[in-house]
file my_file-v4.cif (mmCIF, C-alpha atoms)
data_upload
loop_
_atom_site.label_atom_id
_atom_site.label_comp_id
_atom_site.auth_asym_id
_atom_site.auth_seq_id
_atom_site.Cartn_x
_atom_site.Cartn_y
_atom_site.Cartn_z
CA MET A 20 7.66 24.60 -88.66
CA SER A 21 5.81 27.47 -87.00
CA GLU A 22 8.14 27.53 -84.01
CA ALA A 23 11.23 27.43 -86.26
CA GLY A 24 9.86 30.31 -88.32
CA GLN A 25 9.34 32.39 -85.17
CA PHE A 26 12.93 31.77 -84.01
CA GLU A 27 14.15 32.81 -87.46
CA GLU A 28 12.15 36.06 -87.40
CA GLN A 29 13.57 36.83 -83.94
CA GLY A 30 17.12 36.39 -85.29
CA ASN A 31 17.77 33.29 -83.20
CA PHE A 32 19.15 31.36 -86.15
CA SER A 33 20.74 28.47 -84.26
CA ARG A 34 17.41 27.61 -82.54
CA ALA A 35 15.56 28.03 -85.82
CA ARG A 36 18.02 25.75 -87.59
CA GLU A 37 17.72 23.14 -84.85
CA ALA A 38 13.92 23.20 -85.07
CA PHE A 39 13.77 23.06 -88.87
CA LEU A 40 16.26 20.20 -89.14
CA ALA A 41 14.48 18.24 -86.38
CA ILE A 42 11.40 17.77 -88.56
CA PRO A 43 11.38 14.08 -89.58
CA ARG A 44 10.96 12.60 -93.03
CA ASP A 45 7.88 10.68 -91.80
CA ASP A 46 5.65 10.57 -88.73
CA ASP A 47 4.75 7.01 -87.71
CA GLY A 48 5.22 5.92 -91.32
CA ILE A 49 3.23 8.79 -92.79
CA PRO A 50 5.45 11.00 -95.05
CA VAL A 51 5.82 14.63 -93.89
CA SER A 52 5.01 16.66 -97.00
CA TYR A 53 7.12 19.63 -95.98
CA TYR A 54 10.21 17.67 -94.88
CA LEU A 55 12.47 18.81 -97.75
CA ARG A 56 11.27 22.40 -97.39
CA ALA A 57 12.16 22.27 -93.70
CA GLN A 58 15.64 20.96 -94.50
CA GLY A 59 16.20 23.68 -97.08
CA ARG A 60 14.98 26.42 -94.76
CA GLY A 61 17.01 25.05 -91.88
CA LEU A 62 20.25 25.21 -93.85
CA SER A 63 19.27 28.60 -95.30
CA THR A 64 19.43 30.09 -91.79
CA LEU A 65 23.22 29.93 -92.14
CA VAL A 66 22.98 32.54 -94.90
CA ARG A 67 20.74 34.72 -92.73
CA GLU A 68 23.24 34.34 -89.89
CA TYR A 69 26.10 35.39 -92.20
CA GLU A 70 24.22 38.50 -93.32
CA ALA A 71 23.32 39.40 -89.72
CA ALA A 72 27.00 39.24 -88.73
CA ALA A 73 27.58 42.33 -90.92
CA LYS A 74 31.13 43.61 -90.23
CA ASP A 75 31.96 41.08 -87.48
CA LYS A 76 34.78 39.24 -89.29
CA ALA A 77 35.17 36.60 -86.61
CA ALA A 78 31.47 35.72 -86.64
CA ARG A 79 31.40 35.66 -90.43
CA GLY A 80 34.45 33.40 -90.49
CA LEU A 81 32.65 30.83 -88.35
CA VAL A 82 29.60 30.89 -90.62
CA LEU A 83 31.77 30.55 -93.75
CA ALA A 84 33.27 27.43 -92.21
CA ALA A 85 29.72 26.13 -91.66
CA PHE A 86 28.96 26.85 -95.34
CA LYS A 87 31.80 24.53 -96.36
CA ASP A 88 30.44 21.80 -94.09
CA ASN A 89 26.86 22.08 -95.39
CA VAL A 90 26.93 22.77 -99.15
CA GLU A 91 26.87 19.05 -99.94
CA LYS A 92 23.89 18.52 -97.61
CA LEU A 93 22.04 21.37 -99.27
CA GLN A 94 22.88 19.99 -102.73
CA THR A 95 21.36 16.65 -101.68
CA VAL A 96 18.15 18.39 -100.54
CA LEU A 97 18.00 20.29 -103.84
CA ASP A 98 18.54 17.15 -105.94
CA GLU A 99 15.84 15.27 -104.05
CA ALA A 100 13.39 18.18 -104.32
CA LEU A 101 13.87 18.35 -108.09
CA ALA A 102 13.62 14.58 -108.51
CA GLY A 103 10.16 14.52 -106.95
CA GLY A 104 8.42 12.00 -104.70
CA GLU A 105 6.33 8.99 -105.48
CA ASP A 106 3.95 11.12 -107.54
CA GLY A 107 6.87 12.23 -109.72
CA LYS A 108 6.22 15.91 -109.07
CA PRO A 109 9.19 18.02 -107.95
CA ASP A 110 8.87 19.99 -104.72
CA LEU A 111 9.46 23.43 -106.22
CA ARG A 112 9.11 25.32 -102.94
CA ALA A 113 11.85 23.21 -101.37
CA ALA A 114 13.92 23.50 -104.55
CA GLY A 115 13.58 27.28 -104.54
CA VAL A 116 14.87 27.86 -101.02
CA SER A 117 17.60 25.23 -101.46
CA ALA A 118 18.85 26.55 -104.83
CA LEU A 119 18.96 30.12 -103.55
CA SER A 120 20.74 29.24 -100.32
CA LEU A 121 23.25 26.98 -102.09
CA GLY A 122 24.04 29.73 -104.60
CA GLN A 123 24.41 32.30 -101.83
CA MET A 124 26.77 30.02 -99.88
CA TYR A 125 28.99 29.48 -102.92
CA TYR A 126 28.88 33.21 -103.69
CA HIS A 127 30.04 34.18 -100.20
CA LEU A 128 32.71 31.48 -100.39
CA GLU A 129 33.85 33.24 -103.59
CA ARG A 130 33.21 30.06 -105.59
CA TYR A 131 31.34 32.01 -108.23
CA SER A 132 31.28 29.39 -110.99
CA ASP A 133 29.86 26.87 -108.50
CA ALA A 134 27.20 29.43 -107.50
CA VAL A 135 26.02 29.85 -111.09
CA LYS A 136 24.77 26.26 -111.52
CA PRO A 137 22.11 26.12 -108.76
CA LEU A 138 21.08 29.74 -109.34
CA LYS A 139 20.48 29.10 -113.06
CA LEU A 140 17.48 27.00 -112.00
CA PHE A 141 15.61 30.27 -111.51
CA THR A 142 15.84 31.01 -115.25
CA LYS A 143 13.88 27.87 -116.24
CA GLU A 144 12.97 25.09 -113.79
CA LEU A 145 11.97 27.55 -111.06
CA GLU A 146 10.56 30.23 -113.36
CA GLU A 147 7.22 30.14 -111.54
CA ASP A 148 8.80 30.64 -108.11
CA LYS A 149 7.49 34.04 -107.04
CA TYR A 150 9.07 34.05 -103.60
CA PHE A 151 12.75 33.36 -104.27
CA ARG A 152 13.00 34.14 -108.00
CA CYS A 153 13.99 37.81 -107.79
CA THR A 154 16.73 37.25 -105.22
CA GLY A 155 17.86 34.12 -107.07
CA LEU A 156 18.22 35.95 -110.38
CA GLY A 157 20.02 38.78 -108.61
CA TYR A 158 22.60 36.46 -107.07
CA LEU A 159 22.93 34.66 -110.40
CA ILE A 160 23.87 37.92 -112.13
CA LEU A 161 26.36 38.84 -109.39
CA SER A 162 27.94 35.38 -109.59
CA MET A 163 28.16 35.45 -113.38
CA VAL A 164 29.86 38.84 -113.36
CA ARG A 165 32.39 37.65 -110.76
CA ALA A 166 32.93 34.50 -112.83
CA GLY A 167 33.78 36.60 -115.90
CA GLN A 168 30.42 36.06 -117.62
CA GLY A 169 29.31 39.70 -117.68
CA LYS A 170 27.90 39.59 -121.21
CA GLU A 171 25.69 36.59 -120.43
CA ALA A 172 24.69 38.19 -117.13
CA GLY A 173 23.24 41.11 -119.07
CA VAL A 174 20.71 38.75 -120.68
CA ILE A 175 19.59 37.50 -117.25
CA TYR A 176 19.39 41.12 -116.03
CA ALA A 177 16.80 41.86 -118.73
CA ASP A 178 14.60 39.09 -117.28
CA LEU A 179 15.17 40.31 -113.72
CA ARG A 180 14.24 43.87 -114.66
CA SER A 181 11.13 42.67 -116.48
CA ASP A 182 9.88 40.24 -113.82
CA CYS A 183 11.02 42.04 -110.65
CA ALA A 184 10.95 45.72 -111.62
CA LYS A 185 10.78 47.13 -108.08
CA ASP A 186 12.99 44.56 -106.33
CA PRO A 187 16.24 45.98 -104.83
CA SER A 188 18.22 43.31 -106.68
CA VAL A 189 17.59 45.26 -109.91
CA ALA A 190 19.51 48.25 -108.58
CA THR A 191 22.28 46.12 -107.05
CA THR A 192 22.91 44.16 -110.25
CA ALA A 193 22.65 47.23 -112.48
CA TYR A 194 25.44 48.87 -110.47
CA VAL A 195 27.69 45.80 -110.71
CA LEU A 196 26.98 45.39 -114.43
CA SER A 197 27.86 49.05 -114.95
CA ASP A 198 31.24 48.60 -113.30
CA ASP A 199 31.83 45.45 -115.33
CA ALA A 200 30.98 47.19 -118.61
CA ASP A 201 33.18 50.14 -117.67
CA ALA A 202 36.11 47.81 -116.95
CA ALA A 203 35.54 46.18 -120.36
CA GLY A 204 35.72 49.59 -122.05
CA ASP A 205 32.03 49.78 -123.01
CA SER A 206 31.28 53.25 -121.65
CA ARG A 207 27.87 53.43 -123.33
CA LYS A 208 26.59 50.24 -121.71
CA ALA A 209 28.14 51.27 -118.37
CA ALA A 210 26.21 54.54 -118.52
CA ILE A 211 22.89 52.86 -119.34
CA TYR A 212 23.23 50.39 -116.45
CA LEU A 213 24.24 53.11 -113.99
CA LEU A 214 21.33 55.30 -115.04
CA GLN A 215 18.97 52.40 -114.35
CA PHE A 216 20.59 52.02 -110.94
CA ALA A 217 20.21 55.75 -110.20
CA GLU A 218 16.55 55.82 -111.20
CA HIS A 219 15.54 52.70 -109.24
CA PRO A 220 13.37 53.38 -106.15
CA SER A 221 15.62 51.30 -103.89
CA ALA A 222 18.63 53.55 -104.69
CA ARG A 223 16.96 56.62 -103.20
CA ASP A 224 19.34 56.81 -100.22
CA GLU A 225 22.43 56.47 -102.42
CA MET A 226 21.20 59.38 -104.50
CA ASN A 227 21.76 61.65 -101.51
CA ASP A 228 25.44 60.68 -101.41
CA LEU A 229 27.50 63.32 -103.19
CA MET A 230 30.31 60.97 -104.25
CA MET A 231 27.82 58.55 -105.75
CA VAL A 232 26.12 61.31 -107.73
CA MET A 233 29.52 62.58 -108.92
CA LYS A 234 30.36 59.06 -110.14
CA ILE A 235 27.04 58.90 -111.97
CA VAL A 236 27.76 62.23 -113.69
CA LYS A 237 31.16 61.00 -114.89
CA VAL A 238 29.92 57.63 -116.16
CA LEU A 239 26.92 59.19 -117.92
CA SER A 240 29.20 61.78 -119.49
CA ASP A 241 31.69 59.13 -120.67
CA GLY A 242 28.77 57.18 -122.14
CA ARG A 243 27.46 60.30 -123.93
CA LEU A 244 24.15 60.37 -122.06
CA THR A 245 24.62 64.13 -121.95
CA SER A 246 21.14 65.34 -121.01
CA GLU A 247 20.95 62.84 -118.12
CA ALA A 248 24.45 63.79 -116.99
CA LYS A 249 23.45 67.46 -116.86
CA ARG A 250 20.46 66.54 -114.70
CA TYR A 251 22.71 64.82 -112.16
CA VAL A 252 25.14 67.75 -112.18
CA GLU A 253 22.27 69.91 -110.92
CA LYS A 254 21.48 67.28 -108.28
CA ALA A 255 25.12 67.30 -107.14
CA LYS A 256 25.01 71.09 -106.83
CA LYS A 257 21.97 70.88 -104.58
CA ILE A 258 23.57 68.22 -102.38
CA GLY A 259 26.99 69.85 -102.15
CA GLY A 260 26.06 73.49 -101.73
CA GLY A 261 28.79 76.01 -102.46
CA ALA A 262 31.95 74.09 -101.58
CA SER A 263 34.82 75.41 -103.71
CA LYS A 264 36.33 72.00 -104.44
CA LEU A 265 32.93 70.67 -105.46
CA GLY A 266 32.36 73.73 -107.63
CA ARG A 267 35.63 73.11 -109.46
CA GLU A 268 34.89 69.41 -110.00
CA LEU A 269 31.34 70.08 -111.19
CA LEU A 270 32.52 72.79 -113.58
CA LEU A 271 35.04 70.33 -114.97
CA MET A 272 32.31 67.71 -115.38
CA GLU A 273 30.02 70.18 -117.13
CA GLY A 274 32.79 70.90 -119.60
CA GLN A 275 33.36 67.21 -120.20
CA ILE A 276 29.63 66.67 -120.72
CA ALA A 277 29.61 69.45 -123.32
CA MET A 278 32.64 67.87 -125.01
CA SER A 279 30.91 64.48 -125.01
CA GLY A 280 27.87 66.06 -126.69
CA GLN A 281 30.11 67.96 -129.16
CA ASP A 282 28.71 71.26 -127.89
CA TRP A 283 31.98 73.06 -128.59
CA LYS A 284 30.80 76.56 -127.73
CA THR A 285 29.59 75.50 -124.28
CA ALA A 286 32.73 73.43 -123.71
CA TYR A 287 34.95 76.36 -124.72
CA ASN A 288 33.10 78.78 -122.42
CA ILE A 289 33.14 76.38 -119.46
CA PHE A 290 36.85 75.57 -119.77
CA GLN A 291 37.66 79.26 -120.20
CA ARG A 292 35.74 79.93 -117.00
CA TYR A 293 37.63 77.11 -115.27
CA VAL A 294 41.00 78.57 -116.33
CA LYS A 295 40.04 82.02 -115.05
CA GLU A 296 38.43 80.93 -111.77
CA TYR A 297 40.89 78.24 -110.73
CA GLU A 298 44.15 79.45 -112.33
CA VAL A 299 45.51 76.27 -113.87
CA LYS A 300 48.97 76.21 -112.30
CA GLY A 301 49.15 72.50 -111.66
CA ALA A 302 47.59 72.59 -108.21
CA ASN A 303 45.04 70.03 -109.37
CA TYR A 304 45.69 66.80 -111.25
CA GLU A 305 43.09 67.81 -113.84
CA ASP A 306 44.73 71.15 -114.76
CA PRO A 307 46.82 69.95 -117.74
CA TYR A 308 43.84 68.01 -119.09
CA VAL A 309 41.60 71.09 -118.84
CA CYS A 310 44.13 73.02 -120.95
CA LYS A 311 44.25 70.14 -123.45
CA ASP A 312 40.45 70.04 -123.71
CA LEU A 313 40.28 73.83 -124.00
CA ALA A 314 42.72 73.69 -126.92
CA TRP A 315 40.60 71.08 -128.68
CA ALA A 316 37.36 73.00 -128.02
CA THR A 317 39.04 76.12 -129.45
CA ILE A 318 39.91 74.26 -132.66
CA MET A 319 36.53 72.57 -133.05
CA LEU A 320 34.58 75.77 -132.39
CA ALA A 321 36.72 77.55 -134.97
CA ARG A 322 36.06 74.73 -137.43
CA GLN A 323 32.29 75.11 -136.93
CA ILE A 324 32.56 78.80 -137.81
CA HIS A 325 35.03 78.16 -140.66
CA PRO A 326 34.00 74.82 -142.22
CA LYS A 327 36.30 73.01 -144.62
CA PRO A 328 37.82 73.72 -147.12
CA LYS A 329 38.41 77.06 -145.37
CA PRO A 330 41.62 77.13 -143.29
CA LEU A 331 41.38 77.76 -139.59
CA PRO A 332 42.19 81.36 -138.55
CA LEU A 333 45.76 81.90 -137.35
CA ASP A 334 44.67 83.62 -134.13
CA LYS A 335 42.61 80.56 -133.09
CA LEU A 336 45.45 78.19 -133.95
CA LYS A 337 47.87 80.28 -131.90
CA LEU A 338 45.42 80.25 -129.01
CA ALA A 339 45.14 76.44 -129.23
CA GLU A 340 48.94 76.22 -129.40
CA GLN A 341 49.13 78.28 -126.21
CA TYR A 342 46.76 75.92 -124.39
CA TYR A 343 48.51 72.77 -125.62
CA GLY A 344 51.85 74.27 -124.61
CA HIS A 345 50.55 75.04 -121.13
CA ALA A 346 49.12 71.51 -120.81
CA PHE A 347 52.52 70.08 -121.79
CA PHE A 348 54.32 72.31 -119.29
CA LEU A 349 51.94 71.36 -116.45
CA LEU A 350 52.23 67.65 -117.22
CA HIS A 351 56.02 67.99 -117.31
CA ASN A 352 55.92 69.45 -113.80
CA LEU A 353 53.48 66.79 -112.62
CA LEU A 354 55.81 64.03 -113.82
CA ASN A 355 58.74 65.61 -112.01
CA THR A 356 56.90 66.12 -108.71
CA ARG A 357 55.61 62.53 -108.77
CA ARG A 358 58.93 60.96 -109.71
CA VAL A 359 60.16 58.39 -107.19
CA PRO A 360 63.90 57.60 -107.09
CA ASN A 361 64.81 54.25 -108.69
CA GLN A 362 61.26 53.79 -110.00
CA LYS A 363 59.84 54.31 -113.46
CA PRO A 364 57.49 57.30 -113.82
CA ASP A 365 53.73 56.82 -114.02
CA PRO A 366 53.19 55.20 -117.48
CA VAL A 367 49.79 56.88 -117.92
CA LEU A 368 51.26 60.34 -117.33
CA VAL A 369 54.18 59.56 -119.68
CA ARG A 370 51.77 58.45 -122.40
CA ASP A 371 49.62 61.57 -121.99
CA TYR A 372 52.74 63.76 -121.89
CA TRP A 373 53.90 62.66 -125.35
CA GLU A 374 50.38 62.63 -126.81
CA ILE A 375 49.96 66.28 -125.83
CA ALA A 376 53.43 67.03 -127.22
CA LEU A 377 52.35 65.54 -130.55
CA LEU A 378 49.13 67.59 -130.56
CA LEU A 379 51.30 70.68 -130.00
CA GLN A 380 53.36 69.90 -133.13
CA ARG A 381 50.23 69.28 -135.19
CA VAL A 382 48.69 72.64 -134.31
CA ARG A 383 52.05 74.35 -134.94
CA TYR A 384 52.17 72.82 -138.41
CA SER A 385 48.64 74.08 -139.17
CA ALA A 386 49.65 77.54 -137.91
CA GLY A 387 52.74 77.50 -140.11
CA LYS A 388 50.66 76.74 -143.20
CA VAL A 389 48.52 79.86 -142.62
CA GLY A 390 51.36 82.28 -142.00
CA ASP A 391 53.14 81.70 -138.66
CA ALA A 392 56.76 82.25 -139.69
CA GLU A 393 58.22 80.61 -136.59
CA ALA A 394 56.02 77.50 -136.41
CA PHE A 395 58.12 75.14 -138.55
CA GLY A 396 61.28 76.13 -136.71
CA GLU A 397 59.57 75.38 -133.38
CA ILE A 398 58.65 71.87 -134.60
CA HIS A 399 62.23 71.29 -135.79
CA LYS A 400 63.68 72.49 -132.50
CA PHE A 401 61.34 70.41 -130.33
CA VAL A 402 61.67 67.08 -132.19
CA ASN A 403 65.41 67.46 -132.78
CA GLU A 404 66.09 68.11 -129.09
CA ASN A 405 63.73 65.43 -127.75
CA GLN A 406 64.11 62.66 -130.36
CA GLY A 407 65.98 60.31 -128.01
CA ARG A 408 63.35 60.59 -125.29
CA ILE A 409 60.46 60.31 -127.72
CA ARG A 410 61.81 57.09 -129.20
CA LYS A 411 62.57 55.64 -125.78
CA GLU A 412 59.47 56.70 -123.84
CA SER A 413 56.62 56.60 -126.37
CA GLU A 414 55.25 54.71 -129.34
CA LEU A 415 54.63 57.91 -131.29
CA TRP A 416 58.02 58.38 -132.91
CA SER A 417 56.78 57.75 -136.47
CA GLN A 418 54.18 60.52 -136.10
CA PHE A 419 56.67 62.99 -134.64
CA LEU A 420 59.03 62.11 -137.49
CA LYS A 421 56.28 62.83 -140.02
CA TYR A 422 55.76 66.40 -138.76
CA TRP A 423 59.51 66.92 -138.44
CA GLU A 424 60.02 65.97 -142.10
CA LEU A 425 57.17 68.22 -143.20
CA ALA A 426 58.53 71.14 -141.18
CA LEU A 427 62.09 70.68 -142.51
CA ASN A 428 60.82 70.62 -146.09
CA LYS A 429 58.91 73.88 -145.48
CA MET A 430 62.04 75.40 -143.94
CA LYS A 431 64.10 74.34 -146.96
CA ALA A 432 61.53 75.91 -149.33
CA ALA A 433 61.77 79.16 -147.32
CA GLY A 434 65.57 79.12 -147.53
CA GLN A 435 65.99 78.61 -143.77
CA ILE A 436 67.99 75.36 -144.17
CA ASP A 437 69.73 73.88 -147.19
CA ASP A 438 69.31 70.13 -146.69
CA PRO A 439 66.84 68.27 -144.39
CA LYS A 440 69.01 65.13 -144.73
CA LYS A 441 71.52 66.70 -142.37
CA PHE A 442 68.99 66.05 -139.63
CA LEU A 443 67.13 63.03 -141.01
CA THR A 444 69.93 60.48 -141.20
CA ARG A 445 69.41 56.90 -142.34
CA GLU A 446 70.21 55.61 -138.84
CA LEU A 447 67.52 57.87 -137.40
CA ARG A 448 64.87 56.34 -139.61
#
call {"tool": "encode", "arguments": {"input": "my_file-v4.cif", "output": "structure tokens"}}
result
Amino acid sequence: MSEAGQFEEQGNFSRAREAFLAIPRDDDGIPVSYYLRAQGRGLSTLVREYEAAAKDKAARGLVLAAFKDNVEKLQTVLDEALAGGEDGKPDLRAAGVSALSLGQMYYHLERYSDAVKPLKLFTKELEEDKYFRCTGLGYLILSMVRAGQGKEAGVIYADLRSDCAKDPSVATTAYVLSDDADAAGDSRKAAIYLLQFAEHPSARDEMNDLMMVMKIVKVLSDGRLTSEAKRYVEKAKKIGGGASKLGRELLLMEGQIAMSGQDWKTAYNIFQRYVKEYEVKGANYEDPYVCKDLAWATIMLARQIHPKPKPLPLDKLKLAEQYYGHAFFLLHNLLNTRRVPNQKPDPVLVRDYWEIALLLQRVRYSAGKVGDAEAFGEIHKFVNENQGRIRKESELWSQFLKYWELALNKMKAAGQIDDPKKFLTRELR
């Protein structure tokens, strides 16, 4: 056992494995008490060998093949360790190393559901195992997430974080759980997990990586952890220095954080600064979205100053209309420049394009109600000219139709048209 352990520490895994597995079940009829532990440790060297191979695909491929040949052997060792000997007591040390190694093998073979079963032993039967428990729980969480059991994995994560607070597996699993929550659309949970990853001692090196910190800022902002997001913006500034691209991205993130926290004055000022410093001409993918957010911040800031039932001032509505119009124009250009012959345009851009167009009609209608003489005519012109495309390319036709009807009725009342039905035919409805 001692010799095998030395080979293992030296990284000579084949010699270690040979020595561990050579230990007999009994010596001249006397049972060897550590036989099962030796078998478990011997087979576990395959996992160590796989990890040591790092990016050597050929070497890893050979070890993966060995995993397939040995999972049944390891399962037999685990079953026997749990069953116990003549005294009826299970060999928990042998069970611990065997359960962990078996779970790791299945995990690396991408058989995640198979990995869950042996690793679940660490939640109950092997709860007292201080040596393998933290790693076992960590691999259990990773396997459960990959097996589509992210919600249940969160419960195990709470135990891992409680029992193994400083173990690196806490950071690793928090990061994976964050991505899983984000993919499921739970931005709040994603932000909480990622913050726990960022604040874990073992993630110190990652916190010097600018792209990682930028990701943390975005996820925290989306999850409305605004004060924490601001803290990581400052960290990103320190890491990145004065790079112009970084400055633009961080300014954008600061604006989004302010929006997330409903700090409309700060959001308005930041987006105004962005527009002035970076001249939103469509050079950046974010430009139309900055104009959209600036329009919304303009409206919400005006509403704070003029709470309902007061109407919003016409000058602020016209300013918001200008920003929405510019966002629509920029997105129109973006769709054209990204268009590929014989392929449908990017569905996300198309969706955003018509959503911004609808916001433009809404703000025009509000402007018309407080005195903009041309607003209703602009709505009529836009919807009338684009009705075929709207109905074909978006699911927003009923809402466009609503504002078109309202605008036509206002135009009739002002004597600008005589009958809205000339435009709103039965077939159109």
call {"tool": "resolve_selection", "arguments": {"input": "my_file-v4.cif", "expression": "the PyMOL selection byres ((chain A and resi 348) around 10)", "output": "PyMOL selection string"}}
result
chain A and resi 300-301+307+342-347+349-353+372+375-376
call {"tool": "resolve_selection", "arguments": {"input": "my_file-v4.cif", "expression": "the PyMOL selection byres ((chain A and resi 365) around 12)", "output": "list in words"}}
result
Leu350, His351, Leu353, Leu354, Asn355, Thr356, Arg357, Arg358, Val359, Gln362, Lys363, Pro364, Pro366, Val367, Leu368, Val369, Arg370, Asp371, Tyr372 and Glu412 of chain A
call {"tool": "atom_distance", "arguments": {"input": "my_file-v4.cif", "atom1": "atom CA of Ala386 of chain A", "atom2": "atom CA of Glu340 of chain A"}}
result
8.6 Å
call {"tool": "closest_residue", "arguments": {"input": "my_file-v4.cif", "among": "A:Leu65, A:Ile276, A:Leu161, A:Ala433", "to": "Asp198 of chain A", "atoms": "all atoms listed in the file"}}
result
A:Leu161
call {"tool": "residues_around", "arguments": {"input": "my_file-v4.cif", "residues": "Ala210 of chain A", "least_positions_apart": "4", "cutoff": "12 Å", "atoms": "only C-alpha atoms", "output": "VMD selection string"}}
result
chain A and resid 193 to 201 204 to 206 214 to 217 234 to 245 247 to 248
call {"tool": "residues_around", "arguments": {"input": "my_file-v4.cif", "residues": "segment 294-299 of chain A", "least_positions_apart": "2", "cutoff": "10 Å", "atoms": "all atoms listed in the file", "output": "ChimeraX atom specification"}}
result
/A:263-264,267,288-292,301-310,313,345-346,349
call {"tool": "resolve_selection", "arguments": {"input": "my_file-v4.cif", "expression": "the PyMOL selection byres ((chain A and resi 186) around 12)", "output": "list in words"}}
result
Lys149, Tyr150, Phe151, Arg152, Cys153, Thr154, Gly155, Leu156, Gly157, Leu179, Arg180, Ser181, Asp182, Cys183, Ala184, Lys185, Pro187, Ser188, Val189, Ala190, Thr191, Thr192, Ala193, Phe216, His219, Pro220, Ser221 and Ala222 of chain A
call {"tool": "closest_atom_pairs", "arguments": {"input": "my_file-v4.cif", "of": "segment 102-157 of chain A", "to": "segment 70-81 of chain A", "cutoff": "12 Å", "atoms": "only C-alpha atoms", "output": "tab-separated table"}}
result
residue	atom	partner	partner_atom	distance
A:Gln123	CA	A:Glu70	CA	10.5
A:Met124	CA	A:Glu70	CA	11.0
A:His127	CA	A:Arg79	CA	10.0
A:Leu128	CA	A:Gly80	CA	10.2
call {"tool": "closest_residue", "arguments": {"input": "my_file-v4.cif", "among": "A:Arg322, A:Arg60, A:Lys208, A:Lys400", "to": "Ala113 of chain A", "atoms": "all atoms listed in the file"}}
result
A:Arg60
call {"tool": "residues_around", "arguments": {"input": "my_file-v4.cif", "residues": "Ala57 of chain A", "least_positions_apart": "3", "cutoff": "9 Å", "atoms": "all atoms listed in the file", "output": "list in words"}}
result
Met20, Ala38, Phe39, Leu40, Ala41, Ile42, Tyr53, Tyr54, Arg60, Gly61, Leu62 and Ala113 of chain A
call {"tool": "write_last_selection", "arguments": {"input": "my_file-v4.cif", "atoms": "C-alpha atoms", "output": "compact mmCIF listing (two decimals), in the coordinates of the input"}}
result
# COMPACT_ATOMS: atom_id res chain seq x y z
CA MET A 20 7.66 24.60 -88.66
CA ALA A 38 13.92 23.20 -85.07
CA PHE A 39 13.77 23.06 -88.87
CA LEU A 40 16.26 20.20 -89.14
CA ALA A 41 14.48 18.24 -86.38
CA ILE A 42 11.40 17.77 -88.56
CA TYR A 53 7.12 19.63 -95.98
CA TYR A 54 10.21 17.67 -94.88
CA ARG A 60 14.98 26.42 -94.76
CA GLY A 61 17.01 25.05 -91.88
CA LEU A 62 20.25 25.21 -93.85
CA ALA A 113 11.85 23.21 -101.37
call {"tool": "residues_near_point", "arguments": {"input": "my_file-v4.cif", "point": "(46.9, 83.1, -135.4)", "cutoff": "9 Å", "atoms": "only C-alpha atoms", "output": "JSON list (two decimals) with C-alpha atoms, in the coordinates of the input"}}
result
[["chain", "number", "residue", "atom", "x", "y", "z"],
["A", 331, "LEU", "CA", 41.38, 77.76, -139.59],
["A", 332, "PRO", "CA", 42.19, 81.36, -138.55],
["A", 333, "LEU", "CA", 45.76, 81.90, -137.35],
["A", 334, "ASP", "CA", 44.67, 83.62, -134.13],
["A", 335, "LYS", "CA", 42.61, 80.56, -133.09],
["A", 336, "LEU", "CA", 45.45, 78.19, -133.95],
["A", 337, "LYS", "CA", 47.87, 80.28, -131.90],
["A", 338, "LEU", "CA", 45.42, 80.25, -129.01],
["A", 386, "ALA", "CA", 49.65, 77.54, -137.91],
["A", 389, "VAL", "CA", 48.52, 79.86, -142.62],
["A", 390, "GLY", "CA", 51.36, 82.28, -142.00],
["A", 391, "ASP", "CA", 53.14, 81.70, -138.66]]
call {"tool": "atom_distance", "arguments": {"input": "my_file-v4.cif", "atom1": "atom CA of Gln58 of chain A", "atom2": "atom CA of Lys143 of chain A"}}
result
22.9 Å
call {"tool": "residues_around", "arguments": {"input": "my_file-v4.cif", "residues": "segment 172-175 of chain A", "least_positions_apart": "5", "cutoff": "7 Å", "atoms": "all atoms listed in the file", "output": "NGL selection string"}}
result
:A and (160 or 163-164)
call {"tool": "atom_distance", "arguments": {"input": "my_file-v4.cif", "atom1": "atom CA of Met278 of chain A", "atom2": "atom CA of Met233 of chain A"}}
result
17.2 Å
call {"tool": "closest_residue", "arguments": {"input": "my_file-v4.cif", "among": "A:His399, A:Arg223, A:Arg44, A:His325", "to": "Gln435 of chain A", "atoms": "all atoms listed in the file"}}
result
A:His399
call {"tool": "residues_around", "arguments": {"input": "my_file-v4.cif", "residues": "Lys257 of chain A", "least_positions_apart": "6", "cutoff": "12 Å", "atoms": "all atoms listed in the file", "output": "ChimeraX atom specification"}}
result
/A:226-229,232,250-251,265-266,269
call {"tool": "closest_residue", "arguments": {"input": "my_file-v4.cif", "among": "A:Lys311, A:Ala432, A:Met319, A:Ile258", "to": "Thr285 of chain A", "atoms": "all atoms listed in the file"}}
result
A:Met319
